Amino acid sequence: MTDATSLQHEIAAEQRHVDRVYARLDQLRSDAARAEKDGYRLARVGNFGALVERDAMVFHAARRRHALDAEREGLVFGRLDLRTGAVLHVGRLGVRGEQSEPLVIDWRAPAASAFYQATAAEPRGVVRRRMIQSSGERVTGIEDDLLDPDAAPPGMRVVGDGALLATLARAKTRGMRDIVATIQREQDEAIRSPATGVTIVSGGPGTGKTAVALHRAAYLLYSDRNRFAGGGILVVGPSGVFVEYIASVLPSLGEEAATLHSLGSLVPGFEATRSDRAEIAAIKGSLRMRRVLERAARDAVPDGPDELRLLYRGQLLRLTAAELDAIRERALPRGARRNEVRRAGFDGIFNALWDQANRLGIAGLPTKVEFEDDLAERPDFRDFLRAWWPRLHPRHVLGWLADPQRLRSYARGILSHAEIRALADAYRSLPERGLTIADVALLDELDALMGRPPQPQRRKRDPYLVRDGIREVTTYAERQRAARAAAVQRPEDYREYAHVVVDEAQDVSPMQWRMLGRRGRFASWTVVGDPAQTAWTGNPGELAQARDKALGRRPRHEYTLTTNYRNSAEIFAVAAAVIREIQPDLPLPTAVRSTGVEPVALTVPAAALPDATRDATAALLAEVEGTVGVITPVPRRDEVAGWLTELAAPRLSVVTSLQAKGMEYDGVVLVAPGEIRADSEAGVRTLYVALSRATQRLTTIDVP
Ligand SMILES: Nc1ncnc2c1ncn2[C@@H]1O[C@H](COP(=O)(O)OP(=O)(O)OP(=O)(O)O)[C@@H](O)[C@H]1O
């Protein structure tokens, strides 16, 4: 038999199995749909036992039907032939036949781990591992690894030459793809790391850290659904662009119980996308900001009343600015939260006025309680209290930093003069340009410092209320559904996640670690990053301290990934040379794929930059099938996007070097790399990130 007929023969054999799986799937799906309907019919029988039965039936049937639909595409992707003679198929979902025999094993199940873990050196009972590629329901290719030739039965065929490389070479869509069929051993170990404690995954560019983090979320949800779907999994990435890029992976793994956020969107109501320059980010991210904010959170409100004058029974009662400040400070001892102790402030005012009224010997003074009631009824007095101690939103207090005088008084002795000047400059544009990503962590800190204003008591949620007006929840299934809906719409400031995944962790500042820590107090963690790619130029000691505090004393499990699956070897060589300039001994991953195409490096006069960028972008759009990213220095993003309006296409993105973090494109045009390099102390590292985004083609265009 020739290689080609041998391959066709094997494909046909796998197709038979795959057909059987889909036929069974259709049967299960219609069973599930029928069970759902029957469940509802059972309700009419009306006895309690029938209702419980119906509940379970409807709930499981609906969930199952949903899973079957979501995972249909390319359901079966692997096969193991074991020494024992047994054959296992591995897929996105477990499917059993009519006699309960496993037709497909879920990739997350322990029995499937050999599919990812077995190697020729350590075959773990696997003789042949087969990857099955399909398009829809049709098997299109097979790639085999013979792991234990001595145990191979006569006639066992081995075909193909590398599913991984074939997959890697395929063009990308805008979103990240799931790698479930080709997870590599070292990645699998990190994915299946214990569910408790902190799992730390590091590795150079393109080693699959993000892919691992997302598959780990899916794995955790599978291994302990109650715990992780109940509490929820929070996945945090650096930017909105990045979160959009990875968002498609989790649902495609069948998991929707995860909440995705960027560091700029973690505080409800805010969606910051703007980055600060590195030296400003270093100030805003420093733990010293906590002390600056503490002072702000205790300060008098701008434009608040600076004295109180009140006529009471013909006598003037008066509190001066100094007296008002003293009352505020007494009512707000260190550690007290301003929004929560308003009442104490008001009591301070009543007491001071009462003492004064007594001192003045006002005729016919009523009891203290009546005196307070008298005052409380007066609109002018109520207006005073509201203006003097308003309920403050963190956004108001952060806004005070835009006033250089206030900023100076809060930061004196904490930040250096130069830092205060730089920060004042940066905050001058706050009213027009809005928050930056780094500001969001400061808002969160202020929120923690000031507390929530006491809210009017909400009416308790009626557990039997399904939706407006529909109160009849009689089934377990409906309650489950209602509970799940509630879980997805967790309260806005939900902070009790069961697991927190932090991607691009090298860029999380100390203040951002505090923000994350508040959301993961009861969580286990997966922290994924590459220190060589950091843009952080602040104090490294502070960073380690804040991170350790957020992660607590939980046991740590560390993994390092060593193969770069993204870049062609030619492209990674250029990126590697750049990082070697500052870290000659840094262990770098090995890029496994060679395209034979060298990156193009152009230098053009500044005036020619727009044309050169346009030409290079058009050329890459023609050369690659998938996405093209144009990466620019931060201040140039909009200008460069303006040059490219005629080329606008869904597969073309223009992003800053900071937004490019974690991203991947088939072709990359890097504009003005020299400016990125010179931008800050972290410039070389940011350039390293930008140079390692492309899978196939890279063109850099510098200006002299
Ligand atoms: N086992 C694998 N099979 C197929 N593709 C893979 C595998 N591992 C990683 N990849 C692909 O390699 C690319 C890089 O992966 P990913 O973005 O997760 O890397 P990373 O380590 O997070 O990179 P960076 O640090 O540069 O942001 C992605 O396209 C991913 O799908």
# chains A, B, ... in the order shown; residues from 1 in each chain; ligands from 1

$ residues_near_ligand --ligand "ligand 1" --cutoff "7 Å" --atoms "only C-alpha atoms and all ligand atoms" --output "JSON, numbers by chain"
{"A": [164, 167, 168, 176, 177, 178, 179, 182, 183, 184, 203, 204, 205, 206, 207, 208, 209, 210, 211, 212, 504, 529, 530, 564, 565, 566, 661, 662, 663, 664, 689, 692, 693]}

$ write_last_selection --atoms "C-alpha atoms" --output "tab-separated table (two decimals), in the first residue's frame"
chain	number	residue	atom	x	y	z
A	164	LEU	CA	1.08	20.52	15.49
A	167	THR	CA	-2.03	23.59	12.80
A	168	LEU	CA	0.46	26.32	13.56
A	176	MET	CA	-7.40	33.30	19.54
A	177	ARG	CA	-8.14	29.71	18.64
A	178	ASP	CA	-8.42	26.89	21.09
A	179	ILE	CA	-5.54	24.46	21.08
A	182	THR	CA	-2.62	19.89	20.13
A	183	ILE	CA	-1.84	20.75	23.75
A	184	GLN	CA	1.78	19.82	24.40
A	203	GLY	CA	7.76	31.28	29.51
A	204	GLY	CA	8.88	33.47	26.62
A	205	PRO	CA	6.75	34.90	23.84
A	206	GLY	CA	4.41	32.54	22.04
A	207	THR	CA	4.90	29.62	24.40
A	208	GLY	CA	1.16	29.26	24.90
A	209	LYS	CA	0.82	30.89	28.32
A	210	THR	CA	-2.49	32.49	27.43
A	211	ALA	CA	-3.73	29.34	25.76
A	212	VAL	CA	-2.75	27.37	28.85
A	504	GLU	CA	0.38	39.11	31.21
A	529	GLY	CA	3.50	35.96	32.49
A	530	ASP	CA	6.98	36.64	31.19
A	564	ASN	CA	7.55	29.24	20.98
A	565	TYR	CA	4.62	28.14	18.83
A	566	ARG	CA	3.82	31.54	17.43
A	661	LYS	CA	0.67	42.77	24.56
A	662	GLY	CA	-0.54	39.20	24.31
A	663	MET	CA	-1.80	39.71	20.76
A	664	GLU	CA	-0.92	37.77	17.66
A	689	VAL	CA	6.97	42.29	22.71
A	692	SER	CA	7.31	38.78	18.73
A	693	ARG	CA	3.65	39.20	17.63

$ residues_around --residues "Leu691 of chain A" --least-positions-apart "3" --cutoff "12 Å" --atoms "only C-alpha atoms" --output "number ranges by chain"
A: 205-206, 533, 566-568, 570-579, 599-601, 629-632, 657, 660-665, 667-673, 676-677, 684-688, 694-701

$ write_last_selection --atoms "N, CA and C atoms" --output "compact mmCIF listing (two decimals), in the first residue's frame"
# COMPACT_ATOMS: atom_id res chain seq x y z
N PRO A 205 7.85 34.59 24.75
CA PRO A 205 6.75 34.90 23.84
C PRO A 205 6.27 33.66 23.09
N GLY A 206 4.97 33.58 22.90
CA GLY A 206 4.41 32.54 22.04
C GLY A 206 4.47 31.13 22.57
N GLN A 533 9.08 40.57 29.31
CA GLN A 533 8.22 41.43 28.50
C GLN A 533 7.61 42.58 29.30
N ARG A 566 4.39 30.45 18.24
CA ARG A 566 3.82 31.54 17.43
C ARG A 566 4.72 31.95 16.27
N ASN A 567 5.90 32.44 16.63
CA ASN A 567 6.74 33.07 15.62
C ASN A 567 7.45 32.05 14.76
N SER A 568 7.66 32.42 13.49
CA SER A 568 8.58 31.62 12.70
C SER A 568 9.97 31.81 13.33
N GLU A 570 12.61 32.59 11.97
CA GLU A 570 13.25 33.79 11.40
C GLU A 570 12.80 35.05 12.15
N ILE A 571 11.53 35.13 12.46
CA ILE A 571 11.01 36.31 13.15
C ILE A 571 11.50 36.33 14.61
N PHE A 572 11.46 35.17 15.26
CA PHE A 572 11.86 35.18 16.67
C PHE A 572 13.34 35.52 16.81
N ALA A 573 14.15 35.19 15.79
CA ALA A 573 15.58 35.51 15.88
C ALA A 573 15.76 37.02 16.01
N VAL A 574 14.95 37.80 15.32
CA VAL A 574 15.06 39.26 15.38
C VAL A 574 14.66 39.75 16.78
N ALA A 575 13.56 39.21 17.29
CA ALA A 575 13.11 39.62 18.63
C ALA A 575 14.14 39.21 19.68
N ALA A 576 14.66 38.00 19.54
CA ALA A 576 15.62 37.48 20.53
C ALA A 576 16.86 38.37 20.59
N ALA A 577 17.32 38.83 19.42
CA ALA A 577 18.53 39.66 19.40
C ALA A 577 18.29 40.93 20.21
N VAL A 578 17.09 41.46 20.19
CA VAL A 578 16.80 42.69 20.91
C VAL A 578 16.82 42.46 22.43
N ILE A 579 16.19 41.41 22.89
CA ILE A 579 16.15 41.20 24.35
C ILE A 579 17.53 40.79 24.87
N PRO A 599 12.45 38.43 7.98
CA PRO A 599 11.73 39.69 8.18
C PRO A 599 12.37 40.81 7.35
N VAL A 600 11.58 41.82 7.03
CA VAL A 600 12.09 42.94 6.23
C VAL A 600 12.31 44.12 7.17
N ALA A 601 13.51 44.74 7.10
CA ALA A 601 13.77 45.92 7.94
C ALA A 601 14.04 47.11 7.03
N GLY A 629 -1.38 43.09 11.74
CA GLY A 629 -1.37 44.09 12.81
C GLY A 629 -0.34 45.16 12.50
N VAL A 630 -0.75 46.41 12.61
CA VAL A 630 0.22 47.51 12.47
C VAL A 630 0.45 48.02 13.88
N ILE A 631 1.69 47.91 14.36
CA ILE A 631 2.00 48.26 15.75
C ILE A 631 2.76 49.58 15.77
N THR A 632 2.28 50.50 16.60
CA THR A 632 2.85 51.86 16.59
C THR A 632 3.33 52.26 17.99
N SER A 657 2.05 49.80 20.89
CA SER A 657 2.95 48.74 21.36
C SER A 657 2.45 48.15 22.68
N ALA A 660 -0.50 45.83 22.02
CA ALA A 660 -0.08 44.62 21.31
C ALA A 660 0.27 43.48 22.28
N LYS A 661 0.34 43.80 23.57
CA LYS A 661 0.67 42.77 24.56
C LYS A 661 -0.27 41.59 24.44
N GLY A 662 0.28 40.41 24.34
CA GLY A 662 -0.54 39.20 24.31
C GLY A 662 -1.18 38.92 22.96
N MET A 663 -1.11 39.88 22.03
CA MET A 663 -1.80 39.71 20.76
C MET A 663 -0.96 38.92 19.76
N GLU A 664 -1.61 38.53 18.70
CA GLU A 664 -0.92 37.77 17.66
C GLU A 664 -1.53 38.09 16.30
N TYR A 665 -0.68 38.28 15.30
CA TYR A 665 -1.15 38.56 13.94
C TYR A 665 -0.31 37.71 12.98
N GLY A 667 0.66 38.79 9.96
CA GLY A 667 1.68 39.72 9.48
C GLY A 667 1.72 40.93 10.38
N VAL A 668 2.92 41.44 10.64
CA VAL A 668 3.03 42.64 11.47
C VAL A 668 3.87 43.69 10.75
N VAL A 669 3.34 44.93 10.72
CA VAL A 669 4.15 46.07 10.29
C VAL A 669 4.44 46.85 11.56
N LEU A 670 5.71 47.00 11.87
CA LEU A 670 6.08 47.70 13.09
C LEU A 670 6.59 49.08 12.70
N VAL A 671 5.86 50.11 13.14
CA VAL A 671 6.18 51.47 12.73
C VAL A 671 7.07 52.14 13.78
N ALA A 672 8.16 52.72 13.33
CA ALA A 672 9.07 53.48 14.19
C ALA A 672 9.53 52.71 15.42
N PRO A 673 10.15 51.55 15.21
CA PRO A 673 10.63 50.77 16.37
C PRO A 673 11.62 51.55 17.23
N ILE A 676 9.85 53.37 19.93
CA ILE A 676 9.38 52.48 21.00
C ILE A 676 10.55 52.16 21.93
N ARG A 677 11.69 51.88 21.32
CA ARG A 677 12.88 51.54 22.10
C ARG A 677 13.28 52.70 23.01
N VAL A 684 13.08 48.76 25.49
CA VAL A 684 13.62 47.59 24.81
C VAL A 684 12.68 46.39 25.00
N ARG A 685 12.14 46.28 26.20
CA ARG A 685 11.24 45.14 26.47
C ARG A 685 9.95 45.27 25.67
N THR A 686 9.47 46.50 25.57
CA THR A 686 8.23 46.70 24.80
C THR A 686 8.49 46.40 23.33
N LEU A 687 9.67 46.77 22.86
CA LEU A 687 10.03 46.47 21.47
C LEU A 687 10.10 44.95 21.26
N TYR A 688 10.65 44.26 22.23
CA TYR A 688 10.72 42.78 22.20
C TYR A 688 9.31 42.19 22.06
N ALA A 694 4.23 38.36 15.39
CA ALA A 694 3.85 37.86 14.07
C ALA A 694 4.07 36.37 13.92
N THR A 695 3.15 35.70 13.23
CA THR A 695 3.37 34.27 12.98
C THR A 695 4.15 34.04 11.69
N GLN A 696 3.91 34.90 10.67
CA GLN A 696 4.52 34.60 9.36
C GLN A 696 5.40 35.69 8.77
N ARG A 697 4.94 36.93 8.85
CA ARG A 697 5.69 38.01 8.19
C ARG A 697 5.87 39.19 9.12
N LEU A 698 7.06 39.79 9.06
CA LEU A 698 7.33 40.97 9.88
C LEU A 698 8.05 42.00 9.03
N THR A 699 7.52 43.22 9.01
CA THR A 699 8.23 44.32 8.35
C THR A 699 8.39 45.44 9.37
N THR A 700 9.62 45.88 9.60
CA THR A 700 9.82 47.02 10.50
C THR A 700 10.19 48.23 9.64
N ILE A 701 9.63 49.38 10.00
CA ILE A 701 9.94 50.60 9.24
C ILE A 701 10.40 51.66 10.21

$ residues_around --residues "segment 364-371 of chain A" --least-positions-apart "6" --cutoff "9 Å" --atoms "only C-alpha atoms" --output "VMD selection string"
chain A and resid 313 350 to 351 354 357 to 358

$ select_by_dssp --residues "segment 314-456 of chain A" --states "strand (DSSP E or B)" --output "PyMOL selection string"
chain A and resi 315-319+436

$ residues_around --residues "segment 292-303 of chain A" --least-positions-apart "2" --cutoff "7 Å" --atoms "only C-alpha atoms" --output "ChimeraX atom specification"
/A:288-290,305,397,410-411,446,449-450

$ residues_around --residues "Val18 of chain A" --least-positions-apart "6" --cutoff "12 Å" --atoms "only C-alpha atoms" --output "JSON, numbers by chain"
{"A": [11, 12, 24, 25, 72, 73, 74, 75, 76, 77, 78, 79, 89, 90, 91, 95, 103, 104, 132, 133, 134, 135, 136, 137, 138, 139, 140]}

$ write_last_selection --atoms "C-alpha atoms" --output "mmCIF file, in the first residue's frame"
data_model
loop_
_atom_site.group_PDB
_atom_site.id
_atom_site.type_symbol
_atom_site.label_atom_id
_atom_site.label_comp_id
_atom_site.auth_asym_id
_atom_site.auth_seq_id
_atom_site.Cartn_x
_atom_site.Cartn_y
_atom_site.Cartn_z
ATOM 1 C CA ILE A 11 -9.008 8.325 7.286
ATOM 2 C CA ALA A 12 -11.909 6.154 6.147
ATOM 3 C CA ARG A 24 -25.161 8.843 18.599
ATOM 4 C CA LEU A 25 -24.914 12.558 19.260
ATOM 5 C CA ARG A 72 -20.284 19.603 17.668
ATOM 6 C CA GLU A 73 -17.653 21.019 15.353
ATOM 7 C CA GLY A 74 -14.491 18.869 15.269
ATOM 8 C CA LEU A 75 -15.798 16.882 18.210
ATOM 9 C CA VAL A 76 -13.358 13.991 17.971
ATOM 10 C CA PHE A 77 -9.730 14.998 17.611
ATOM 11 C CA GLY A 78 -7.627 12.225 19.014
ATOM 12 C CA ARG A 79 -7.165 8.515 19.378
ATOM 13 C CA HIS A 89 -10.995 8.372 21.208
ATOM 14 C CA VAL A 90 -10.521 11.782 22.763
ATOM 15 C CA GLY A 91 -12.708 14.810 22.094
ATOM 16 C CA VAL A 95 -20.020 10.677 24.542
ATOM 17 C CA LEU A 103 -17.260 6.450 22.266
ATOM 18 C CA VAL A 104 -15.334 9.617 23.071
ATOM 19 C CA ILE A 132 -7.585 13.522 13.829
ATOM 20 C CA GLN A 133 -8.234 16.702 11.881
ATOM 21 C CA SER A 134 -11.678 17.448 10.637
ATOM 22 C CA SER A 135 -13.686 20.063 8.940
ATOM 23 C CA GLY A 136 -17.186 20.062 10.360
ATOM 24 C CA GLU A 137 -18.063 16.368 10.569
ATOM 25 C CA ARG A 138 -15.639 15.206 7.916
ATOM 26 C CA VAL A 139 -12.245 13.763 8.776
ATOM 27 C CA THR A 140 -9.661 15.520 6.641
#

$ atom_distance --atom1 "atom CA of Leu609 of chain A" --atom2 "atom CA of Arg636 of chain A"
11.9 Å

$ residues_around --residues "Asp447 of chain A" --least-positions-apart "5" --cutoff "12 Å" --atoms "only C-alpha atoms" --output "PyMOL selection string"
chain A and resi 267-268+290+293-294+297+337-340+391-398+440-442+452-453+493+515+518

$ write_last_selection --atoms "C-alpha atoms" --output "compact mmCIF listing (two decimals), in the first residue's frame"
# COMPACT_ATOMS: atom_id res chain seq x y z
CA VAL A 267 -14.30 48.63 38.51
CA PRO A 268 -17.96 48.64 37.50
CA ARG A 290 -2.11 54.39 48.77
CA LEU A 293 -5.02 58.58 48.42
CA GLU A 294 -5.48 58.14 52.16
CA ALA A 297 -9.90 60.51 51.18
CA ARG A 337 -14.27 54.81 55.92
CA ARG A 338 -15.58 58.21 55.09
CA ASN A 339 -18.81 57.18 53.41
CA GLU A 340 -19.65 54.84 56.24
CA ARG A 391 -21.58 60.90 49.83
CA LEU A 392 -18.44 60.66 47.74
CA HIS A 393 -17.77 58.48 44.76
CA PRO A 394 -14.13 57.47 44.27
CA ARG A 395 -14.28 59.25 40.92
CA HIS A 396 -14.86 62.58 42.71
CA VAL A 397 -11.87 62.15 44.98
CA LEU A 398 -9.59 61.01 42.16
CA VAL A 440 -8.80 52.34 37.65
CA ALA A 441 -6.72 50.64 40.37
CA LEU A 442 -6.65 53.98 42.21
CA ARG A 452 -19.83 52.42 50.18
CA PRO A 453 -22.31 55.05 51.16
CA ASP A 493 -18.88 44.67 42.70
CA MET A 515 -7.12 45.55 43.20
CA ARG A 518 -9.52 42.20 46.73

$ decode --residues "segment 418-452 of chain A" --atoms "C-alpha atoms" --output "CSV table (one decimal), in the first residue's frame"
chain,number,residue,atom,x,y,z
A,418,ALA,CA,9.8,65.6,40.3
A,419,GLU,CA,7.2,62.9,40.6
A,420,ILE,CA,4.6,65.3,42.0
A,421,ARG,CA,5.3,67.6,39.0
A,422,ALA,CA,5.0,64.8,36.5
A,423,LEU,CA,1.8,63.5,38.1
A,424,ALA,CA,0.3,67.0,38.2
A,425,ASP,CA,1.0,67.3,34.5
A,426,ALA,CA,-0.5,64.0,33.7
A,427,TYR,CA,-3.7,64.7,35.7
A,428,ARG,CA,-4.2,68.1,34.1
A,429,SER,CA,-5.8,66.3,31.2
A,430,LEU,CA,-8.0,64.1,33.4
A,431,PRO,CA,-11.2,66.2,33.0
A,432,GLU,CA,-11.0,66.1,29.2
A,433,ARG,CA,-9.3,62.8,28.4
A,434,GLY,CA,-10.7,60.7,31.2
A,435,LEU,CA,-9.2,57.9,33.2
A,436,THR,CA,-6.2,55.8,32.2
A,437,ILE,CA,-5.9,52.1,32.9
A,438,ALA,CA,-3.7,52.8,35.9
A,439,ASP,CA,-6.3,55.1,37.4
A,440,VAL,CA,-8.8,52.3,37.7
A,441,ALA,CA,-6.7,50.6,40.4
A,442,LEU,CA,-6.7,54.0,42.2
A,443,LEU,CA,-10.4,54.2,42.0
A,444,ASP,CA,-10.7,50.7,43.5
A,445,GLU,CA,-8.3,51.7,46.3
A,446,LEU,CA,-10.4,54.8,47.0
A,447,ASP,CA,-13.5,52.7,47.0
A,448,ALA,CA,-11.8,50.4,49.7
A,449,LEU,CA,-10.6,53.5,51.7
A,450,MET,CA,-13.9,55.3,51.7
A,451,GLY,CA,-16.4,52.5,51.7
A,452,ARG,CA,-19.8,52.4,50.2
